[in-house]
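Structure, as structure tokens:
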Amino acid sequence: MPAGADLPRIDGLDKLAGRAAYVDDLPTPGAWHGATVRSSVPRGKIRDIHFDPAFDWNDITIVDHRDIPGPNQLKLIDVDQPVLAAGEVRHKHEPILLLAHPSVHKLRDALRAIRVDVEPLPAILDPAAPLTPDLIQYKSDNVLKHIDIRQGDPGPVFARAAHIIEGEYVTGSQEHVYLETQGMLAQWQDGRLTVRGSMQCPYYVLDALTHLFGRSRDAFRVIQSPVGGGFGGKEEYPSLLAIHAALLAEKSGAPVKMIYDRQEDMAVTTKRHPSRTRHRTALDKDGRLLAMEIDVLLDGGAYVTLSPVVLSRGCIHAAGPYFCENIHIRGEARLTNSPPYGAFRGFGAPQTIFAIERHMDVIAARIGIDPVELRRRNLVRTGQPLATGQIYKEPTDLPALMDRALDLAQYKARTQSHAEFNKSHPFLRRGIGFATFHHGAGFTGGGETYLASEVWIEGKPDGTVELQTAQTDMGQGTTTILTQVVAERLGIPTEQVRVATPDTSRVPNSGPTVASRTAMVVGKLIEQACDDLLHQLGRKSGDPEISDDIRRHASLPGKSLVGRAKYQKPASIQWDDKTYRGDAYATYSWATYVADVEVDLRTCRVRVTDFVALQEVGRVLNTTLATGQIAGGVVQGIGWALYENVVLEDGAMKNCQMTNYVIPSAGDLPPIRVVFEERPSHWGPGGAKGIGELPMDGPAPAIVNAISRAVTTTINEIPVTPELLLKATEGRGHG
Amino acid sequence: MRDDPPSSPSRREFLQTTAGTAAAAAIAGSVGGPVVATAGAGVTTADGPRIEGAVPITLRINGKDRKLRVDPRTTLLDCIRETVDLTGTKKGCDHGQCGACTVHVNGRRVNSCLSFAVMHEGEEITTIEGIGGPDSLHPMQAAFVACDGYQCGYCTSGQIMSAVALLKEPCGADDAAVKELMSGNICRCGAYLNIVSAIQQVRRKA
Amino acid sequence: MQVHRPYTLHDALALMAATPTPTPIAGGTDLLVSWHHKPKEKLALLDLSQLGGELAAMRLTADTLELGALTTYWDVIASPEVSRAFPLLAEAARQVGAMQIQTRGTWAGNIGNGSPAADGVPVLMAYDATVVLQSTRGRREVQLDGYYTGYKKTVRLPDELIVAIQIPRRTRKAEWFEKVGARAAQTITKVGVAVVNDEKGWRVVANSVAPYVCRCRNLESALQKGQKFKSPEEIRDILKNDIAPINDMRSTAAYRETVLSRVLFYRLADKA
């Protein structure tokens with residue numbers, strides 16, 4: 001079956017029949033359960049750990065920081081985060097001790113029999129709060145990362161601008177709520193510490209284990225089990241959980257399973273970075289952007305983790321898909337004593353895109369120009385630079401893309417009919433809004449060069465080929481589309497392609513499954529590995545003899561048949577990490593999303609009543625899967641915009657239940673019309689580009705633009721909970 | 001500065017330790033019906049091979065009678081997953097808030113995390129494994145394939161159990177009615193609209 | 001932990017008279033939500049699900065609806081007769097959690113749990129329901145609107161079981177129910193209100209705006225006098241003496257008070 005022909009999900013039947021074995025489903029005779037003793041305060045010195053002498057501790061395995069064989073560091077971008085707090089805790093719920101026991105019930109009793117005395121230290125819970133010396137915990141100023149992106153010289157332009165418009169935009173955190181909570185199983189097997197679990201990046205986990213135990217890579221084996229949703233939440237956190245399970249397994253000598261319950265998962269794991277973005281924009285009298293000053297502030301939480309790269313992607317997208325000669329984007333991720341914030345679908349871009357797309361509507365309203373016209377005048381065109389100086393060379397006419405989306409949504413007609421409706425209804429108000437945006441595919445800047453990803457395709461004696469990558473399928477359909485890519489490139493039926501389970505003992509490091517990079521970057525490498533295999537066989541794609549050749553070559557004693565490819569930076573991509581100038585991404589996906597909403601002024605509840613998601617993502621590899629992934633991203637975007645409110649107490653999430661942290665249910669959704677404009681790109685396999693994160697970017701600004709129009713009030717903050725909308729509309733009457 | 005943690009025993013020592021605790025659990029006498037279940041503190045339960053302080057029950061699961069010993073604290077969900085070893089039923093929240101653990105009890109759908117196994121003596125329980133396998137898909141499972149009604153698959157068992165039960169419930173003809181009746185099954189991948197399509201496809205054919 | 005499973009009401013009442021008093025459990029949909037975090041050693045449960053018979057029955061007569069203590073939300077939804085006679089019961093039932101909760105959750109359990117956000121209680125109280133309590137010492141009837149005395153505090157004595165709920169059939173001039181939650185379904189009430197106007201007068205019952213589900217008696221008497229309202233603020237001023245909403249992680253006191261008065265205003269003005 002060729003690509004584009006909608007191969008059904010390869011992992012589908014097992015999932016539908018309840019047979020896919022997620023980590024907590026694995027048969028593990030003799031496994032112990034692991035649990036974590038955590039800090040109850042946001043910051044403090046550990047004074048004493050008291051074990052109730054009345055409790056029988058004999059058969060409980062207890063691990064603290066002294067049991068760590070190597071450096072007590074979680075290896076990510078920096079190594080500032082301990083895996084078990086030693087003398088000081090930096091956030092509420094920070095892990096201090098680990099316990100294991102065969103019985104869950106005794107383990108729970110043991111947790112209750114431990115008291116950690118912590119002397120509280122002053123904590124900083126708001127990244128914008130003024131700093132006093134006693135609050136400094138990272139370098140000299142708590143700034144985890146600072147970024148400047150400069151183009152032209154905005155300063156002097158403001159003096160001659162016809163309009164100067166300012167705005168401040170705030171986005172809340174967001175919890176992943178993958179339906180499968182985090183879980184890891186660690187055990188000694190064949191002389192190696194073997195870790196199985198729910199993860200997006202097996203090689204991140206391997207690197208973290210290697211660093212912490214101070215042993216070679218061969219001492220470990222990391223195997224991905226089916227992942228019940230990731231959305232970024234299983235990018236970096238699984239490294240910590242894997243280490244915890246491995247430490248307990250090593251000390252107890254038993255297999256140890258650590259499966260978080262929902263409450264613990266919500267309370268302690270990473271979430272989307274809360275943000276505050278300020279815009280100051282100069283425009284000429286016709287609404288052309290003359291200069292943009294953008295200030296991005298992310299709350300990074302207590303340790304560096306991935307905040308620098310989240311900030312980077314956020315800043316690069318902060319000026320939107322617009323042409324402006326003079327730009328200064330200034331970004332900071334600052335430390336607070338919250339549990340570290342982390343990767344979440346979109347990775348900083350949804351935050352800054354919310355800001356710019358709301359700001360465009362604010363500008364339009366302020367200077368009295370149609371928001372469609374304002375964007376039409378400023379969307380980037382061929383030959384013009386984006387904020388980092390990257391020249392727009394893509395085949396897509398962005399104003400035309402926008403117009404098509406607006407037509408699909410009957411934007412003009414609905415704008416009029418809503419105005420009529422709003423005049424006549426006692427308490428319902430309707431509005432339509434949209435956002436035009438883009439999302440870079442793959443790692444930022446030199447990231448892909450640094451990763452140097454590798455993929456292998458091995459011919460098997462039965463004539464099939466096995467694709468070996470570290471790419472994980474967490475529902476986005478990786479296994480299925482990569483199978484299609486191999487089948488199409490080799491010209492063989494999809495039935496002859498197998499995809500290896502990511503297992504660091506037998507697949508190469510093809511990089512993490514993040515950053516909308518799998519289909520495009522890894523997919524392209526797979527094409528090259530296929531070509532290498534064909535070259536070794538002396539065959540062309542589709543030759544009928546391929547299978548027989550594979551069978552023959554692979555059966556030769558002592559021989560193996562493996563096609564290989566390794567990432568090499570295309571010469572045309574230029575990026576300077578010091579100045580943040582150049583090609584931030586090989587390419588981008590482009591989109592316009594349109595939302596129709598109805599606001600009930602009695603309850604201040606907002607209902608999204610219709611949604612159009614139009615995007616250009618290169619060639620679509622599998623329309624069914626791509627449509628599902630886009631629609632799913634829109635649902636998460638609707639959640640982030642309207643429902644998902646992380647309530648913090650002492651810097652940590654307080655509403656840790658699925659009734660108190662509310663994500664959309666079936667009943668909350670409008671029809672979602674997903675439409676693709678296909679323009680094959682030469683960066684990805686068969687012309688594909690990345691799509692995973694894109695749909696997270698557009699819904700929030702489109703929806704809030706629609707709400708602001710419906711209630712004729714400027715709303716610059718999400719989530720737009722009914723409580724927030726009540727405050728924003730108070731005193732304005734409602735009948 | 002801190003109490004030294006008591007030294008941990010080896011796995012072998014542990015087995016010896018627990019062997020001695022078996023006598024600690026007792027079955028209490030009954031005032032009412034025949035089944036009175038009791039478990040003491042710290043007694044090993046369904047999560048270990050030896051089930052002490054457990055009570056015998058018979059559950060009829062997927063048409064088969066299962067004679068089990070379960071700790072009375074065991075939820076129906078944990079019993080199905082850990083004692084009966086049918087892991088197709090998933091634990092998403094353990095609080096009745098996500099629907100991943102949906103099973104049928106006497107033909108009606110329930111959250112299996114919200115009742116104790118011992119409360120289901122003699123009742124007819126159906127799990128995803130009793131609905132259909134890869135080679136014998138229930139029409140609802142087939143419709144989920146056709147409509148791509150799932151992504152990560154973790155909520156899928158619960159969605160299908162709800163969808164199959166819905167076929168026999170009073171439900172309006174339109175999508176809105178289906179959405180309302182499916183609202184107890186949360187899908188974070190956001191496959192909702194495809195799930196609704198799958199259900200409507202089966203209802204149209206029925 | 002103990003689980004008692006009596007087969008007869010007689011045995012159940014005997015167990016309730018024992019020490020320590022067990023906690024009655026029917027559907028388990030409230031009780032098991034929080035049970036994980038409670039120490040289990042002293043927990044004793046009385047599983048009522050085997051009782052059946054009278055306790056599981058609904059009886060609709062010319063002047064009364066009696067819901068046995070084991071009547072579930074589903075039982076009401078699935079009964080066209082009961083739904084027709086008391087439409088608000090069916091309407092509220094369909095908004096309790098989701099179907100998986102409705103099939104097991106019981107009306108009596110909802111009363112017994114005593115949550116201020118209980119979804120089944122406002123409509124029962126608006127229909128002027130009576131709670132039937134029984135113990136080895138005998139049987140007594142208590143008006144539902146006098147059942148609560150504080151947050152999770154009720155007039156039920158430790159050894160008493162709720163065995164039935166009785167609702168009088170009356171001619172009604174108006175009846176409606178509205179639940180406001182964080183999403184369309186599977187949601188805990190932020191503000192809810194049930195209103196009935198029958199031959200005995202107006203009853204306005206709100207939930208999630210006080211320590212327990214309560215009647216808004218000041219508003220009821222204003223309605224009784226035939227007062228017409230020109231704005232939601234007028235209603236809010238009256239409600240100030242009826243309700244005591246709080247800020248919690250689900251909503252704010254201001255939201256609850258404002259939304260309750262707005263919902264009432266538009267409904268009473270017949271605009272919604």
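Every chain in the structure tokens takes a letter, A first, then B, and so on in the order presented; its residues are numbered from 1, and the ligands are numbered from 1 following the presented order.
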Quiz item: Which residues of chain A are close to chain C, meaning at most 9 Å apart when you count only C-alpha atoms, and how do they look as an MDAnalysis selection string?
Solution: chainID A and resid 109 426:427 601:605 643 647 654:655 659:668 721:723 726:727 735
Practice problem: Give as number ranges by chain every residue of chain C that touches chain B within 9 Å, counting only C-alpha atoms. | Solution: C: 1-8, 10-12, 14-15, 27-34, 36, 40-41, 44, 47, 49-50, 77-78, 94, 97-104, 184-187
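Interface residues of chain A facing chain B, defined by any atom at most 6 Å away and using only C-alpha atoms, are Leu13, Lys15, Ala17, Gly18, Arg19, Asp25, Asp48, Ile49, Asp59, Ile60, Thr61, Ser103, His105, Lys106, Leu179, Glu180, Gly228, Gly229, Arg262, Met474, Gly475, Gly632, Val635, Met658, Ser665, Ala666 and Gly667 of chain A.
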Exercise. Among the residues of region 101-257 of chain C, find those DSSP assigns to alpha helix (DSSP H) from the backbone and print them as number ranges by chain.
Key: C: 101-102, 107-113, 121-126, 217-224, 232-239, 253-257
Quiz prompt | Spatial neighbours of region 612-616 of chain A, max dist 9 Å, only C-alpha atoms, sep filter under 6 positions, as a PyMOL selection string | solution = chain A and resi 396+401-402+404-406+408-409+589-596+630-631+634+671-679+689+694-695+698-699
Please save C-alpha atoms of the selected residues as an mmCIF file, in the first residue's frame.
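What landed in again.cif:
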data_model
loop_
_atom_site.group_PDB
_atom_site.id
_atom_site.type_symbol
_atom_site.label_atom_id
_atom_site.label_comp_id
_atom_site.auth_asym_id
_atom_site.auth_seq_id
_atom_site.Cartn_x
_atom_site.Cartn_y
_atom_site.Cartn_z
ATOM 1 C CA THR A 396 2.408 28.697 0.055
ATOM 2 C CA LEU A 401 -4.441 30.158 2.795
ATOM 3 C CA MET A 402 -6.089 32.535 5.259
ATOM 4 C CA ARG A 404 -9.611 29.803 2.118
ATOM 5 C CA ALA A 405 -9.986 29.049 5.813
ATOM 6 C CA LEU A 406 -12.246 32.069 6.304
ATOM 7 C CA LEU A 408 -14.684 27.448 4.744
ATOM 8 C CA ALA A 409 -15.878 28.946 8.023
ATOM 9 C CA SER A 589 3.905 24.194 8.633
ATOM 10 C CA TRP A 590 1.438 27.028 8.002
ATOM 11 C CA ALA A 591 -2.139 27.346 9.140
ATOM 12 C CA THR A 592 -5.244 29.418 9.699
ATOM 13 C CA TYR A 593 -7.747 28.244 12.319
ATOM 14 C CA VAL A 594 -11.221 29.721 12.707
ATOM 15 C CA ALA A 595 -13.389 29.367 15.811
ATOM 16 C CA ASP A 596 -17.044 30.163 16.297
ATOM 17 C CA ILE A 630 -4.906 17.624 14.085
ATOM 18 C CA ALA A 631 -8.399 17.251 15.542
ATOM 19 C CA VAL A 634 -7.498 21.213 18.494
ATOM 20 C CA PRO A 671 -17.627 19.799 14.715
ATOM 21 C CA ILE A 672 -13.933 20.140 13.841
ATOM 22 C CA ARG A 673 -13.312 20.430 10.120
ATOM 23 C CA VAL A 674 -9.709 19.515 9.362
ATOM 24 C CA VAL A 675 -8.556 20.515 5.895
ATOM 25 C CA PHE A 676 -5.120 20.106 4.343
ATOM 26 C CA GLU A 677 -3.578 22.121 1.594
ATOM 27 C CA GLU A 678 -0.957 19.771 0.203
ATOM 28 C CA ARG A 679 2.298 21.197 -1.131
ATOM 29 C CA LYS A 689 6.446 18.081 6.990
ATOM 30 C CA LEU A 694 0.944 22.703 14.998
ATOM 31 C CA PRO A 695 -2.694 22.128 16.061
ATOM 32 C CA GLY A 698 -4.043 28.032 16.819
ATOM 33 C CA PRO A 699 -7.131 27.186 18.861
#
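Interatomic distance, CA of Ser547 (chain A) to CA of Leu534 (chain A): 11.0 Å.
Using only C-alpha atoms, the smallest distance between any of C:Gly52, C:Pro211, C:Gly112, C:Gly201 and Asp242 (chain C) comes from C:Pro211.
Distances from C:Ala90, C:Ala269, C:Leu133, C:Leu55 to Asp159 (chain C) were compared using only C-alpha atoms, and the smallest one belongs to C:Leu133.
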If you count only C-alpha atoms, which residues fall within 10 Å of Ala702 (chain A), apart from same-chain ones fewer than 2 positions away, as a short mmCIF file (atom, residue, chain, number, x, y, z; two decimals) with C-alpha atoms, in the first residue's frame?
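Written file, result07.cif:
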data_model
loop_
_atom_site.label_atom_id
_atom_site.label_comp_id
_atom_site.auth_asym_id
_atom_site.auth_seq_id
_atom_site.Cartn_x
_atom_site.Cartn_y
_atom_site.Cartn_z
CA PHE A 354 -1.44 33.18 21.66
CA GLU A 357 -2.44 36.48 17.48
CA ARG A 358 -4.41 38.16 20.24
CA ASP A 361 -6.74 41.52 16.91
CA ILE A 432 -16.14 34.32 15.25
CA GLY A 433 -12.38 34.66 15.44
CA PHE A 434 -9.28 33.26 13.82
CA ALA A 435 -5.52 32.96 14.01
CA THR A 436 -2.84 32.71 11.32
CA THR A 592 -5.24 29.42 9.70
CA TYR A 593 -7.75 28.24 12.32
CA VAL A 594 -11.22 29.72 12.71
CA ALA A 595 -13.39 29.37 15.81
CA ASP A 596 -17.04 30.16 16.30
CA VAL A 597 -18.19 30.62 19.88
CA PHE A 611 -14.08 24.98 14.21
CA GLY A 637 -6.15 23.65 22.43
CA ILE A 638 -9.81 24.14 23.30
CA ALA A 641 -8.14 28.05 26.13
CA ASP A 697 -0.93 26.68 18.51
CA GLY A 698 -4.04 28.03 16.82
CA PRO A 699 -7.13 27.19 18.86
CA ALA A 700 -6.49 29.39 21.91
CA VAL A 704 -10.22 34.15 22.52
CA ASN A 705 -10.42 36.44 19.50
CA ALA A 706 -13.95 35.12 18.96
CA ILE A 707 -14.89 35.59 22.63
#
